[in-house]
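Each remark here refers to the structure printed beneath this line.
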Amino acid sequence: METGQASGGGGGGGGDYLSSSSSTPDTIVSRWSFSLSRRYQHLLDKSVPHVLYRWIGCLVAALLYALRVYFVQGFYIVTYGLGIYLLNLLIGFLSPQIDPEIHNQDGPTLPTRGSDEFRPFVRRLPEFKFWYSITKAICIAFVMTFFEAFDVPVFWPILLFYWVLLFFLTMRRQIMHMIKYKYVPFSIGKQRYDGKKAPSTDSTDLPRD
């Protein structure tokens, strides 16, 4: 009888240990972070079709950052780094997914005639990732303006001159790349399939009786 009671007590202690170990602070934090990440991903998925509202929110975030830098009169290094990063994102947004210069292929072209086949432009950086990366970078830069360690004294006109020069050279190279491989990174002017076949103008009338 004593042996049975001892074994029964040991089993109950093991169950209490498992229940207590499953509710440790690390487990609670991991569950909470996983639930929060799922909720955040769900909100991002719901915002995919709302292109206009997403970019309005991005412009609002950029305006808040600009006002913050203007009133603080500092953090020009952070702004310069943000500008370089946004320029890299823009190049990825305007570039095709498969670079014809590397793979020796003809890039997607913009039809010049009504009979040309519609070939959609596949970007290296899709629109949603482009928006998300810009918004995230602006928010991170905005938070960095609250830390004095990032406020490095610098003559900001020099940084502005460097950025404008880099922007001009980068966009010039991108435009020359578009002209060389005959592609336009937009869908304006391209044919779209709407499920209806256009009436043929070359058909002849049937002979009448």
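All residue names refer to the structure tokens as shown: chains lettered A, B, ... in order, residues numbered from 1 in each chain, ligands numbered from 1 in order.
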Would you give me, as a PyMOL selection string, the residues in range 47-177 of chain A that DSSP reads as helix (DSSP H, G or I)? chain A and resi 51-72+76-94+100-103+127-144+148-150+156-177
May I have the residues within 10 Å of Ala61 in chain A as a ChimeraX atom specification, using only C-alpha atoms and disregarding those fewer than 2 positions away in the same chain? /A:55-59,63-67,134-136,138-139,142
Please identify all polymer residues within 8 Å of range 80-89 of chain A, counting only C-alpha atoms, omitting same-chain residues fewer than 3 positions from it, and present them as a ChimeraX atom specification. /A:76-77,92-93,125,130,133-134,137-138,141,159-160,163,167
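Across the model, the gap from CA of Val143 in chain A to CA of Val72 in chain A is 13.2 Å.
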For Asp45 in chain A, find every residue with an atom within 12 Å (counting only C-alpha atoms), except residues of its own chain fewer than 6 positions away, and show them as a list of chain:residue names.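 Non-adjacent residues within range: A:Arg38, A:Arg39, A:Val51, A:Arg54, A:Phe128, A:Lys129, A:Tyr132.
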Counting only C-alpha atoms, what is within 9 Å of Leu94 in chain A, bar same-chain residues fewer than 4 positions away, as a PyMOL selection string? chain A and resi 89-90+123-125+174+184-186
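Counting from CA of Tyr162 in chain A, the distance to CA of Ala149 in chain A is 23.0 Å.
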